[in-house]
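This is target-v1.csv (CSV, C-alpha atoms).
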```csv
chain,number,residue,atom,x,y,z
A,1,MET,CA,16.6,1.3,1.5
A,2,THR,CA,16.6,1.8,-2.2
A,3,ASN,CA,13.7,0.6,-4.3
A,4,HIS,CA,16.0,-1.9,-6.0
A,5,GLN,CA,17.0,-3.5,-2.7
A,6,THR,CA,13.4,-3.6,-1.5
A,7,ILE,CA,12.5,-5.4,-4.7
A,8,VAL,CA,15.4,-7.9,-4.4
A,9,GLU,CA,14.1,-8.8,-0.9
A,10,LEU,CA,10.6,-9.5,-2.2
A,11,ILE,CA,11.7,-11.7,-5.1
A,12,PRO,CA,11.4,-15.1,-3.2
A,13,TRP,CA,7.7,-14.3,-2.4
A,14,TYR,CA,7.1,-13.1,-5.9
A,15,VAL,CA,8.4,-16.4,-7.2
A,16,ASN,CA,6.2,-18.4,-4.7
A,17,GLY,CA,3.2,-16.3,-5.7
A,18,SER,CA,2.3,-15.0,-2.2
A,19,LEU,CA,2.8,-11.3,-2.6
A,20,ASN,CA,-0.3,-9.1,-2.6
A,21,GLU,CA,-1.4,-7.4,-5.8
A,22,THR,CA,0.4,-4.1,-5.1
A,23,GLU,CA,3.7,-5.8,-4.3
A,24,THR,CA,3.4,-8.1,-7.3
A,25,ASP,CA,2.9,-5.1,-9.6
A,26,ARG,CA,5.8,-3.3,-8.0
A,27,VAL,CA,8.1,-6.3,-8.7
A,28,SER,CA,6.8,-6.9,-12.2
A,29,ASN,CA,7.3,-3.2,-13.1
A,30,HIS,CA,10.8,-3.1,-11.7
A,31,VAL,CA,11.9,-6.3,-13.4
A,32,THR,CA,11.0,-4.9,-16.9
A,33,GLU,CA,13.7,-2.3,-16.3
A,34,CYS,CA,16.3,-4.2,-14.2
A,35,GLU,CA,18.3,-7.1,-15.7
A,36,ILE,CA,19.8,-7.9,-12.4
A,37,CYS,CA,16.4,-8.6,-10.8
A,38,ALA,CA,15.2,-10.4,-13.9
A,39,ALA,CA,18.2,-12.7,-13.6
A,40,GLU,CA,17.6,-13.0,-9.8
A,41,ILE,CA,14.1,-14.3,-10.5
A,42,GLU,CA,15.4,-16.9,-12.9
A,43,ALA,CA,17.9,-18.0,-10.2
A,44,GLU,CA,15.1,-18.1,-7.6
A,45,LEU,CA,13.0,-20.3,-9.8
A,46,GLN,CA,15.9,-22.7,-10.1
A,47,LEU,CA,16.3,-22.6,-6.3
A,48,ALA,CA,12.5,-23.2,-5.8
A,49,ARG,CA,12.7,-26.3,-8.1
A,50,GLY,CA,15.7,-27.6,-6.1
A,51,MET,CA,13.8,-27.1,-2.9
A,52,SER,CA,11.0,-29.3,-4.1
A,53,ASP,CA,13.3,-32.3,-3.6
A,54,PRO,CA,12.9,-33.9,-0.1
A,55,PRO,CA,15.6,-33.6,2.5
A,56,ARG,CA,17.7,-36.7,3.0
A,57,GLY,CA,16.2,-39.3,5.3
A,58,LEU,CA,12.6,-38.2,4.8
A,59,ASP,CA,11.5,-41.6,3.5
A,60,ARG,CA,12.6,-43.2,6.8
A,61,LEU,CA,10.6,-40.6,8.7
A,62,GLN,CA,7.5,-41.1,6.6
A,63,ALA,CA,7.6,-44.8,7.5
A,64,ALA,CA,7.8,-43.9,11.2
A,65,GLU,CA,4.5,-42.2,11.5
A,66,LEU,CA,2.7,-45.0,13.3
A,67,ARG,CA,5.7,-45.3,15.7
A,68,SER,CA,5.4,-41.5,16.4
A,69,LEU,CA,1.7,-41.8,17.1
A,70,GLU,CA,2.1,-44.8,19.4
A,71,SER,CA,4.8,-42.9,21.4
A,72,LEU,CA,2.7,-39.8,21.7
A,73,THR,CA,-0.3,-41.8,22.9
A,74,ARG,CA,1.9,-43.6,25.5
A,75,ARG,CA,3.3,-40.2,26.8
A,76,ILE,CA,-0.2,-38.8,27.1
A,77,ARG,CA,-1.5,-41.7,29.0
A,78,GLU,CA,1.5,-41.6,31.3
A,79,THR,CA,0.7,-37.9,31.9
A,80,LYS,CA,-2.8,-38.8,32.8
A,81,GLN,CA,-1.7,-41.4,35.3
A,82,LYS,CA,0.6,-39.0,37.0
A,83,ARG,CA,-2.3,-36.7,38.0
A,84,SER,CA,-1.8,-35.9,41.7
A,85,PRO,CA,-4.1,-36.9,44.5
A,86,LEU,CA,-4.9,-33.2,45.0
A,87,GLN,CA,-6.0,-32.8,41.3
A,88,LEU,CA,-8.2,-35.9,41.6
A,89,ALA,CA,-9.7,-34.5,44.8
A,90,MET,CA,-10.4,-31.2,43.2
A,91,ALA,CA,-11.9,-32.8,40.2
A,92,ALA,CA,-14.2,-34.9,42.4
A,93,THR,CA,-15.3,-31.8,44.3
A,94,VAL,CA,-16.2,-30.0,41.2
A,95,LEU,CA,-18.2,-33.0,39.9
A,96,ILE,CA,-20.1,-33.3,43.2
A,97,ALA,CA,-20.9,-29.5,43.1
A,98,VAL,CA,-22.2,-29.7,39.5
A,99,VAL,CA,-24.4,-32.7,40.2
A,100,LEU,CA,-25.8,-31.1,43.4
A,101,THR,CA,-26.5,-27.8,41.7
A,102,ALA,CA,-28.3,-29.5,38.8
A,103,PHE,CA,-30.4,-31.6,41.3
A,104,VAL,CA,-31.4,-28.6,43.4
A,105,ALA,CA,-32.2,-26.4,40.4
A,106,GLY,CA,-34.3,-29.3,39.0
A,107,ARG,CA,-33.0,-28.5,35.6
A,108,TYR,CA,-30.9,-31.5,34.8
A,109,THR,CA,-31.3,-31.9,31.1
A,110,GLN,CA,-29.1,-33.4,28.5
A,111,GLU,CA,-28.7,-31.3,25.4
A,112,VAL,CA,-27.6,-33.0,22.4
A,113,SER,CA,-26.3,-30.8,19.6
A,114,TYR,CA,-26.0,-32.0,16.1
A,115,GLU,CA,-23.8,-30.5,13.5
A,116,ALA,CA,-25.2,-31.0,10.1
A,117,MET,CA,-23.0,-32.6,7.5
A,118,THR,CA,-22.7,-30.7,4.2
A,119,SER,CA,-26.2,-30.7,2.8
A,120,ASN,CA,-25.4,-32.8,-0.2
A,121,GLY,CA,-22.8,-35.0,1.5
A,122,ALA,CA,-20.3,-34.1,-1.3
A,123,ASP,CA,-16.6,-34.4,-0.8
A,124,SER,CA,-15.5,-30.8,0.1
A,125,ARG,CA,-11.7,-31.4,-0.5
A,126,PRO,CA,-10.1,-29.2,-3.0
A,127,VAL,CA,-9.0,-31.0,-6.2
A,128,LEU,CA,-6.1,-30.3,-8.5
A,129,GLN,CA,-5.8,-31.4,-12.1
A,130,LEU,CA,-2.3,-32.4,-13.0
A,131,ILE,CA,-0.5,-33.4,-16.2
A,132,PHE,CA,3.0,-34.9,-15.6
A,133,HIS,CA,6.0,-35.0,-17.9
A,134,PRO,CA,6.1,-38.2,-19.8
A,135,GLU,CA,9.5,-39.1,-18.3
A,136,ILE,CA,8.3,-38.8,-14.7
A,137,THR,CA,9.4,-41.7,-12.5
A,138,GLU,CA,7.2,-43.7,-10.2
A,139,HIS,CA,9.3,-42.3,-7.3
A,140,ASP,CA,8.5,-38.7,-8.3
A,141,LEU,CA,4.8,-39.4,-8.7
A,142,ARG,CA,4.6,-41.2,-5.3
A,143,MET,CA,6.5,-38.3,-3.6
A,144,ILE,CA,4.2,-35.7,-5.0
A,145,ILE,CA,1.2,-37.5,-3.7
A,146,VAL,CA,2.7,-38.2,-0.3
A,147,ASP,CA,4.0,-34.7,0.1
A,148,SER,CA,0.6,-33.3,-0.7
A,149,GLY,CA,-1.0,-35.3,2.2
A,150,GLY,CA,-3.8,-36.0,-0.3
A,151,ALA,CA,-5.1,-38.8,-2.4
A,152,LEU,CA,-5.1,-39.5,-6.1
A,153,LEU,CA,-8.7,-39.7,-7.2
A,154,GLY,CA,-8.1,-40.9,-10.7
A,155,GLY,CA,-6.4,-40.6,-14.0
A,156,PRO,CA,-4.9,-40.5,-16.4
A,157,SER,CA,-7.8,-39.3,-18.6
A,158,GLY,CA,-7.6,-39.5,-22.3
A,159,LYS,CA,-5.7,-36.2,-22.2
A,160,GLY,CA,-3.3,-37.4,-19.5
A,161,VAL,CA,-5.0,-35.5,-16.6
A,162,TYR,CA,-4.8,-36.9,-13.1
A,163,ARG,CA,-7.0,-35.7,-10.2
A,164,LEU,CA,-5.4,-35.1,-6.8
A,165,ALA,CA,-7.6,-34.4,-3.8
A,166,LEU,CA,-5.9,-32.2,-1.2
A,167,PRO,CA,-6.6,-32.1,2.5
A,168,SER,CA,-9.6,-29.8,3.1
A,169,ASP,CA,-7.5,-27.3,5.1
A,170,VAL,CA,-5.0,-26.7,2.3
A,171,ASP,CA,-5.0,-23.5,0.2
A,172,ALA,CA,-5.4,-25.2,-3.2
A,173,ALA,CA,-4.4,-22.1,-5.2
A,174,ARG,CA,-1.2,-21.6,-3.2
A,175,TYR,CA,-0.4,-25.3,-3.4
A,176,ALA,CA,-1.0,-25.3,-7.2
A,177,ARG,CA,1.5,-22.3,-7.5
A,178,ARG,CA,4.1,-24.3,-5.7
A,179,LEU,CA,3.5,-27.5,-7.7
A,180,ARG,CA,3.9,-25.6,-11.0
A,181,LEU,CA,7.5,-25.1,-10.1
A,182,HIS,CA,8.0,-28.9,-9.8
A,183,PRO,CA,10.0,-30.2,-12.7
A,184,ALA,CA,7.9,-33.4,-13.0
A,185,LEU,CA,4.7,-31.4,-13.7
A,186,ARG,CA,3.7,-29.8,-17.0
A,187,TRP,CA,0.4,-28.5,-16.0
A,188,VAL,CA,-1.4,-27.8,-12.7
A,189,GLU,CA,-4.9,-26.3,-12.2
A,190,VAL,CA,-7.4,-26.1,-9.4
A,191,GLU,CA,-10.5,-28.0,-10.4
A,192,LEU,CA,-13.5,-25.7,-10.4
A,193,ARG,CA,-16.6,-26.9,-8.5
B,1,MET,CA,-15.0,-33.7,8.4
B,2,PRO,CA,-14.0,-31.5,11.4
B,3,THR,CA,-12.0,-28.3,10.8
B,4,GLU,CA,-8.6,-28.0,12.5
B,5,THR,CA,-10.0,-25.4,14.9
B,6,GLU,CA,-12.7,-27.8,15.9
B,7,LEU,CA,-10.1,-30.5,16.4
B,8,LEU,CA,-8.2,-28.1,18.8
B,9,GLU,CA,-11.4,-27.4,20.7
B,10,ARG,CA,-11.9,-31.2,21.2
B,11,ILE,CA,-8.2,-31.6,22.1
B,12,ALA,CA,-8.7,-28.8,24.7
B,13,ASN,CA,-11.4,-31.1,26.2
B,14,LYS,CA,-8.8,-33.9,26.2
B,15,ASP,CA,-10.2,-35.8,23.2
B,16,GLU,CA,-7.4,-38.3,22.3
B,17,ALA,CA,-9.0,-39.2,19.0
B,18,ALA,CA,-8.9,-35.5,17.9
B,19,LEU,CA,-5.2,-35.3,18.8
B,20,GLN,CA,-4.5,-38.5,16.8
B,21,GLU,CA,-6.4,-36.9,13.9
B,22,LEU,CA,-4.3,-33.8,14.1
B,23,HIS,CA,-1.2,-35.8,14.3
B,24,GLY,CA,-2.2,-37.6,11.1
B,25,ALA,CA,-2.9,-34.3,9.4
B,26,TYR,CA,0.4,-32.7,10.3
B,27,TYR,CA,3.0,-35.5,10.7
B,28,LYS,CA,4.3,-35.4,7.1
B,29,ARG,CA,4.5,-31.7,7.0
B,30,LEU,CA,6.3,-31.4,10.3
B,31,ALA,CA,8.6,-34.3,9.5
B,32,ARG,CA,9.6,-32.6,6.2
B,33,PHE,CA,10.2,-29.2,7.8
B,34,LEU,CA,12.1,-30.5,10.8
B,35,GLN,CA,14.2,-32.9,8.7
B,36,ARG,CA,15.2,-30.0,6.6
B,37,MET,CA,16.1,-28.0,9.7
B,38,THR,CA,17.9,-30.7,11.6
B,39,GLY,CA,18.9,-33.5,9.3
B,40,ASP,CA,18.4,-35.9,12.2
B,41,SER,CA,15.4,-38.2,11.9
B,42,GLU,CA,15.5,-39.5,15.5
B,43,LEU,CA,15.6,-35.9,16.7
B,44,VAL,CA,12.7,-35.1,14.4
B,45,LEU,CA,10.6,-37.8,15.9
B,46,GLU,CA,11.3,-36.5,19.4
B,47,ILE,CA,10.4,-32.9,18.4
B,48,ILE,CA,7.2,-34.0,16.7
B,49,ASN,CA,6.3,-35.8,19.9
B,50,ASP,CA,7.0,-32.7,21.9
B,51,VAL,CA,5.0,-30.5,19.6
B,52,PHE,CA,1.9,-32.6,20.0
B,53,LEU,CA,2.4,-32.7,23.7
B,54,VAL,CA,2.4,-28.9,23.7
B,55,VAL,CA,-0.8,-29.0,21.6
B,56,TRP,CA,-2.3,-31.5,24.1
B,57,HIS,CA,-1.6,-29.2,27.1
B,58,SER,CA,-2.3,-25.9,25.5
B,59,ALA,CA,-4.9,-26.4,22.7
B,60,GLY,CA,-7.2,-24.2,24.8
B,61,THR,CA,-4.9,-21.2,24.5
B,62,PHE,CA,-5.1,-21.1,20.7
B,63,ARG,CA,-6.9,-17.9,20.0
B,64,GLY,CA,-7.4,-18.3,16.2
B,65,ASP,CA,-5.5,-15.1,15.4
B,66,SER,CA,-3.2,-17.3,13.2
B,67,HIS,CA,-3.8,-20.4,11.2
B,68,VAL,CA,-3.5,-23.7,13.0
B,69,SER,CA,-0.6,-24.6,10.6
B,70,THR,CA,1.4,-21.5,11.4
B,71,TRP,CA,0.9,-22.1,15.1
B,72,LEU,CA,2.0,-25.7,14.9
B,73,ILE,CA,5.0,-25.1,12.7
B,74,GLY,CA,6.0,-22.2,15.0
B,75,ILE,CA,6.0,-24.6,17.9
B,76,ALA,CA,8.1,-27.0,15.9
B,77,TYR,CA,10.5,-24.3,14.9
B,78,ASN,CA,11.1,-23.3,18.5
B,79,LYS,CA,11.5,-26.8,19.6
B,80,ALA,CA,14.0,-27.5,16.8
B,81,LEU,CA,16.1,-24.4,17.7
B,82,LYS,CA,16.3,-25.5,21.3
B,83,ALA,CA,17.2,-29.1,20.4
B,84,LEU,CA,19.8,-27.9,18.0
B,85,ALA,CA,21.3,-25.5,20.5
B,86,LYS,CA,21.6,-28.3,23.0
B,87,SER,CA,23.2,-30.6,20.4
B,88,ARG,CA,25.3,-27.7,19.0
B,89,LYS,CA,24.2,-28.4,15.5
B,90,TRP,CA,23.2,-24.8,14.9
B,91,SER,CA,25.7,-23.6,12.4
B,92,SER,CA,25.6,-26.3,9.7
B,93,LEU,CA,25.0,-30.0,9.4
B,94,GLU,CA,28.6,-31.0,9.2
B,95,GLU,CA,27.7,-34.6,9.5
B,96,VAL,CA,24.3,-35.3,8.0
B,97,THR,CA,23.3,-38.4,10.0
B,98,ASP,CA,20.7,-39.5,7.6
B,99,THR,CA,22.1,-40.1,4.1
B,100,LEU,CA,20.8,-41.7,1.0
B,101,ALA,CA,24.2,-43.0,0.1
B,102,THR,CA,22.7,-46.1,-1.4
B,103,ASP,CA,20.0,-44.2,-3.4
B,104,ASP,CA,21.3,-43.7,-6.9
B,105,SER,CA,18.1,-42.2,-8.2
B,106,HIS,CA,19.2,-38.6,-7.2
B,107,SER,CA,20.9,-36.7,-9.9
B,108,GLN,CA,24.2,-35.0,-9.3
B,109,ASN,CA,22.4,-31.6,-9.3
B,110,GLN,CA,20.0,-32.8,-6.6
B,111,MET,CA,22.9,-34.1,-4.5
B,112,ASP,CA,24.7,-30.7,-4.9
B,113,MET,CA,21.6,-28.9,-3.7
B,114,GLN,CA,21.0,-31.2,-0.7
B,115,THR,CA,24.7,-31.0,0.2
B,116,SER,CA,24.7,-27.2,-0.2
B,117,LEU,CA,21.6,-26.7,1.9
B,118,ALA,CA,23.2,-28.8,4.6
B,119,LYS,CA,26.0,-26.2,4.8
B,120,LEU,CA,23.5,-23.4,5.7
B,121,SER,CA,22.4,-22.6,9.2
B,122,ALA,CA,19.2,-24.1,10.5
B,123,ASP,CA,17.3,-20.8,10.5
B,124,HIS,CA,18.4,-20.2,6.8
B,125,ARG,CA,17.2,-23.6,5.9
B,126,ALA,CA,14.0,-23.0,7.7
B,127,VAL,CA,13.1,-19.8,5.9
B,128,LEU,CA,14.0,-21.3,2.5
B,129,GLU,CA,11.8,-24.4,3.2
B,130,LEU,CA,8.9,-22.3,4.5
B,131,THR,CA,9.0,-20.1,1.4
B,132,TYR,CA,9.7,-22.5,-1.4
B,133,TYR,CA,8.2,-25.8,-0.2
B,134,PHE,CA,5.4,-24.6,2.0
B,135,GLY,CA,4.7,-21.5,0.0
B,136,TYR,CA,4.2,-19.2,3.0
B,137,SER,CA,4.2,-15.5,2.6
B,138,TYR,CA,6.8,-13.4,4.4
B,139,LYS,CA,4.0,-12.2,6.8
B,140,GLU,CA,3.1,-15.8,7.7
B,141,ILE,CA,6.8,-16.7,8.1
B,142,ALA,CA,7.1,-13.8,10.5
B,143,VAL,CA,4.3,-15.3,12.6
B,144,ILE,CA,5.9,-18.7,12.5
B,145,LEU,CA,9.4,-17.5,13.4
B,146,ASN,CA,7.9,-14.9,15.8
B,147,CYS,CA,10.0,-12.1,14.4
B,148,PRO,CA,9.4,-8.9,12.4
B,149,GLU,CA,8.6,-9.1,8.7
B,150,ASN,CA,11.8,-7.2,7.8
B,151,THR,CA,13.8,-9.8,9.7
B,152,VAL,CA,12.3,-12.5,7.6
B,153,LYS,CA,13.2,-10.7,4.4
B,154,THR,CA,16.7,-10.0,5.6
B,155,ARG,CA,17.2,-13.6,6.7
B,156,MET,CA,16.0,-14.9,3.4
B,157,PHE,CA,18.3,-12.4,1.6
B,158,TYR,CA,21.4,-13.7,3.5
B,159,ALA,CA,20.2,-17.4,3.1
B,160,ARG,CA,20.1,-16.9,-0.7
B,161,ARG,CA,23.5,-15.2,-0.8
B,162,ALA,CA,25.0,-17.9,1.4
B,163,LEU,CA,23.6,-20.7,-0.8
B,164,GLN,CA,24.8,-18.9,-3.9
B,165,THR,CA,28.3,-18.7,-2.5
B,166,ILE,CA,28.3,-22.4,-1.6
B,167,LEU,CA,27.0,-23.5,-5.0
B,168,GLU,CA,29.6,-21.5,-6.8
B,169,VAL,CA,32.5,-23.2,-5.0
```
Output the file's structure in the form of structure tokens.
Amino acid sequence: MTNHQTIVELIPWYVNGSLNETETDRVSNHVTECEICAAEIEAELQLARGMSDPPRGLDRLQAAELRSLESLTRRIRETKQKRSPLQLAMAATVLIAVVLTAFVAGRYTQEVSYEAMTSNGADSRPVLQLIFHPEITEHDLRMIIVDSGGALLGGPSGKGVYRLALPSDVDAARYARRLRLHPALRWVEVELR
Amino acid sequence: MPTETELLERIANKDEAALQELHGAYYKRLARFLQRMTGDSELVLEIINDVFLVVWHSAGTFRGDSHVSTWLIGIAYNKALKALAKSRKWSSLEEVTDTLATDDSHSQNQMDMQTSLAKLSADHRAVLELTYYFGYSYKEIAVILNCPENTVKTRMFYARRALQTILEV
């Protein structure tokens, strides 16, 4: 495969910021000499912005979250009730064996383990600082917050900065890179702690 | 706040509250990904249910060699492929069952993009969504789709070309 074709294939991940340093440098260096790839990057940025819009029908799905959870809970409880007499008998046998062993060994102790909370009790969620375009709609703002799975902590400040807390398992740097492509946002940075 | 791995450990011990917490953490993401893939919100609800049932029964098999998110989305992807194969909606969403026909807030460009994306195959839509919305690397997408990294790159290349062709018409 030619170098050019290799670079073309990497462009989407160059645009979403997930390439490693070596690959990023490779693409950057090639693009300075290749108008085709430079144009492709512009096209991919447009595509990325277009992909930030939700698929049709997502609003309806978001509203069905509770129904989904109730249905899941029901199915799990139905699964539990269907446990066969053999499984119940085996479970009972194991339980009796455990109790007898503990009794005979004379070492029936209950250990309680504690997991310490973070030492200062501080919120450990990553936080993004955002500045929106003045013409942002309430719908756009709401969808950005809902899509993030996080919560708006406050804003706007005197400089128009909002603070968005992300779920603690989200890679904030990567999420910020993606949000920077959103047309409603002028500025996105990860808040330093 | 428990980590996702800790939640899986609790789920492996049949902790329903942990499963509910994981459902809460992932529902929106899975809904978005699956709606992009299938365009059918009732099907999406069924698949999400199936995904978490798999998690309930096999949380103990998660070895931690991938992120919990890539594991879950991988399960969702496979479930969606099977569901689409059964309903024969693999090639394109000829009839998008969920429309926003009464929603006038979308610009013409947005409608063109949504309509164009619907004409792609489900696996093309999946790789586009995983890259541009979820921000995954091609290595992570290879884990999710359970295919070689070169396959991810090639699939994305053809997805982009197909979308370009559709948008130019």
- request: May I have the residues within 7 Å of stretch 159-169 of chain B as a list in words, using only C-alpha atoms and disregarding those fewer than 4 positions away in the same chain?
  value: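 Here the answer would be Ser116, Leu117, His124 and Arg155 of chain B.
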field: One-decimal distance in Å that lies between atom CA of A:Leu10 and atom CA of B:Ile144
entry: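 A separation of 18.0 Å between them.
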How close does each residue of chain B get to chain A, giving the shortest atom pair and distance in Å to one decimal for every residue with an atom at most 9 Å away, counting all atoms listed in the file, sorted by chain and residue number, as a Markdown table?
```
| residue | atom | partner | partner_atom | distance |
| --- | --- | --- | --- | --- |
| B:Met1 | CA | A:Met117 | CA | 8.1 |
| B:Thr3 | CA | A:Asp169 | CA | 7.3 |
| B:Glu4 | CA | A:Asp169 | CA | 7.5 |
| B:Glu16 | CA | A:Thr73 | CA | 7.9 |
| B:Gln20 | CA | A:Leu69 | CA | 7.0 |
| B:His23 | CA | A:Leu69 | CA | 7.2 |
| B:Gly24 | CA | A:Glu65 | CA | 8.1 |
| B:Ala25 | CA | A:Gly149 | CA | 7.5 |
| B:Tyr26 | CA | A:Gly149 | CA | 8.6 |
| B:Tyr27 | CA | A:Glu65 | CA | 6.9 |
| B:Lys28 | CA | A:Gln62 | CA | 6.6 |
| B:Arg29 | CA | A:Asp147 | CA | 7.5 |
| B:Ala31 | CA | A:Leu61 | CA | 6.7 |
| B:Arg32 | CA | A:Leu58 | CA | 6.5 |
| B:Phe33 | CA | A:Pro55 | CA | 8.8 |
| B:Gln35 | CA | A:Pro55 | CA | 6.4 |
| B:Arg36 | CA | A:Pro55 | CA | 5.5 |
| B:Gly39 | CA | A:Arg56 | CA | 7.2 |
| B:Asp40 | CA | A:Gly57 | CA | 8.0 |
| B:Ser41 | CA | A:Leu61 | CA | 6.2 |
| B:Glu42 | CA | A:Leu61 | CA | 8.5 |
| B:Val44 | CA | A:Leu61 | CA | 8.2 |
| B:Leu45 | CA | A:Ser68 | CA | 6.4 |
| B:Glu46 | CA | A:Ser68 | CA | 8.3 |
| B:Ile48 | CA | A:Ser68 | CA | 7.7 |
| B:Asn49 | CA | A:Leu72 | CA | 5.7 |
| B:Asp50 | CA | A:Leu72 | CA | 8.3 |
| B:Phe52 | CA | A:Leu72 | CA | 7.4 |
| B:Leu53 | CA | A:Leu72 | CA | 7.4 |
| B:Trp56 | CA | A:Ile76 | CA | 8.2 |
| B:Val96 | CA | A:Arg56 | CA | 8.4 |
| B:Thr97 | CA | A:Gly57 | CA | 8.6 |
| B:Asp98 | CA | A:Gly57 | CA | 5.1 |
| B:Thr99 | CA | A:Arg56 | CA | 5.7 |
| B:Leu100 | CA | A:Arg56 | CA | 6.2 |
| B:Ser105 | CA | A:His139 | CA | 8.8 |
| B:Asn109 | CA | A:Gly50 | CA | 8.4 |
| B:Gln110 | CA | A:Gly50 | CA | 6.8 |
| B:Met113 | CA | A:Gly50 | CA | 6.5 |
| B:Gln114 | CA | A:Pro55 | CA | 6.7 |
| B:Leu128 | CA | A:Met51 | CA | 7.9 |
| B:Glu129 | CA | A:Met51 | CA | 7.0 |
| B:Thr131 | CA | A:Asn16 | CA | 6.9 |
| B:Tyr132 | CA | A:Ala48 | CA | 5.3 |
| B:Tyr133 | CA | A:Ser52 | CA | 5.9 |
| B:Phe134 | CA | A:Arg178 | CA | 7.8 |
| B:Gly135 | CA | A:Asn16 | CA | 5.8 |
| B:Tyr136 | CA | A:Ser18 | CA | 6.9 |
| B:Ser137 | CA | A:Ser18 | CA | 5.2 |
| B:Tyr138 | CA | A:Trp13 | CA | 6.9 |
| B:Lys153 | CA | A:Glu9 | CA | 5.7 |
| B:Thr154 | CA | A:Glu9 | CA | 7.1 |
| B:Met156 | CA | A:Glu9 | CA | 7.7 |
| B:Phe157 | CA | A:Glu9 | CA | 6.1 |
| B:Arg160 | CA | A:Glu44 | CA | 8.6 |
```
Only C-alpha atoms, please: the residues just picked out, written as a tab-separated table (two decimals), keeping the file's coordinate frame.
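Listed below is the output, part-v2.tsv:
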```tsv
chain	number	residue	atom	x	y	z
B	1	MET	CA	-15.00	-33.70	8.40
B	3	THR	CA	-12.00	-28.30	10.80
B	4	GLU	CA	-8.60	-28.00	12.50
B	16	GLU	CA	-7.40	-38.30	22.30
B	20	GLN	CA	-4.50	-38.50	16.80
B	23	HIS	CA	-1.20	-35.80	14.30
B	24	GLY	CA	-2.20	-37.60	11.10
B	25	ALA	CA	-2.90	-34.30	9.40
B	26	TYR	CA	0.40	-32.70	10.30
B	27	TYR	CA	3.00	-35.50	10.70
B	28	LYS	CA	4.30	-35.40	7.10
B	29	ARG	CA	4.50	-31.70	7.00
B	31	ALA	CA	8.60	-34.30	9.50
B	32	ARG	CA	9.60	-32.60	6.20
B	33	PHE	CA	10.20	-29.20	7.80
B	35	GLN	CA	14.20	-32.90	8.70
B	36	ARG	CA	15.20	-30.00	6.60
B	39	GLY	CA	18.90	-33.50	9.30
B	40	ASP	CA	18.40	-35.90	12.20
B	41	SER	CA	15.40	-38.20	11.90
B	42	GLU	CA	15.50	-39.50	15.50
B	44	VAL	CA	12.70	-35.10	14.40
B	45	LEU	CA	10.60	-37.80	15.90
B	46	GLU	CA	11.30	-36.50	19.40
B	48	ILE	CA	7.20	-34.00	16.70
B	49	ASN	CA	6.30	-35.80	19.90
B	50	ASP	CA	7.00	-32.70	21.90
B	52	PHE	CA	1.90	-32.60	20.00
B	53	LEU	CA	2.40	-32.70	23.70
B	56	TRP	CA	-2.30	-31.50	24.10
B	96	VAL	CA	24.30	-35.30	8.00
B	97	THR	CA	23.30	-38.40	10.00
B	98	ASP	CA	20.70	-39.50	7.60
B	99	THR	CA	22.10	-40.10	4.10
B	100	LEU	CA	20.80	-41.70	1.00
B	105	SER	CA	18.10	-42.20	-8.20
B	109	ASN	CA	22.40	-31.60	-9.30
B	110	GLN	CA	20.00	-32.80	-6.60
B	113	MET	CA	21.60	-28.90	-3.70
B	114	GLN	CA	21.00	-31.20	-0.70
B	128	LEU	CA	14.00	-21.30	2.50
B	129	GLU	CA	11.80	-24.40	3.20
B	131	THR	CA	9.00	-20.10	1.40
B	132	TYR	CA	9.70	-22.50	-1.40
B	133	TYR	CA	8.20	-25.80	-0.20
B	134	PHE	CA	5.40	-24.60	2.00
B	135	GLY	CA	4.70	-21.50	0.00
B	136	TYR	CA	4.20	-19.20	3.00
B	137	SER	CA	4.20	-15.50	2.60
B	138	TYR	CA	6.80	-13.40	4.40
B	153	LYS	CA	13.20	-10.70	4.40
B	154	THR	CA	16.70	-10.00	5.60
B	156	MET	CA	16.00	-14.90	3.40
B	157	PHE	CA	18.30	-12.40	1.60
B	160	ARG	CA	20.10	-16.90	-0.70
```
- prompt: Just how far from atom CA of B:Leu22 is atom CA of B:Thr70, in Å to one decimal?
  reply: 13.8 Å
task: Kindly give the distance, in Å, that separates atom CA of A:Val27 and atom CA of B:Val152, rounded to a single decimal.
output: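 Interatomic distance, atom CA of A:Val27 to atom CA of B:Val152: 17.9 Å.
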task: Write out as a list in words the residues lying within 7 Å of A:Pro126, counting all atoms listed in the file and excluding same-chain residues fewer than 5 positions away.
output: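 Listing them by chain and then by number gives Ala165, Leu166, Ser168 and Ala172 of chain A.
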Using C-alpha atoms, can you write the selected residues to a file as a PDB file, in the coordinates of the input?
```pdb
ATOM      1  CA  ALA A 165      -7.600 -34.400  -3.800  1.00  0.00           C
ATOM      2  CA  LEU A 166      -5.900 -32.200  -1.200  1.00  0.00           C
ATOM      3  CA  SER A 168      -9.600 -29.800   3.100  1.00  0.00           C
ATOM      4  CA  ALA A 172      -5.400 -25.200  -3.200  1.00  0.00           C
TER       5      ALA A 172
END
```
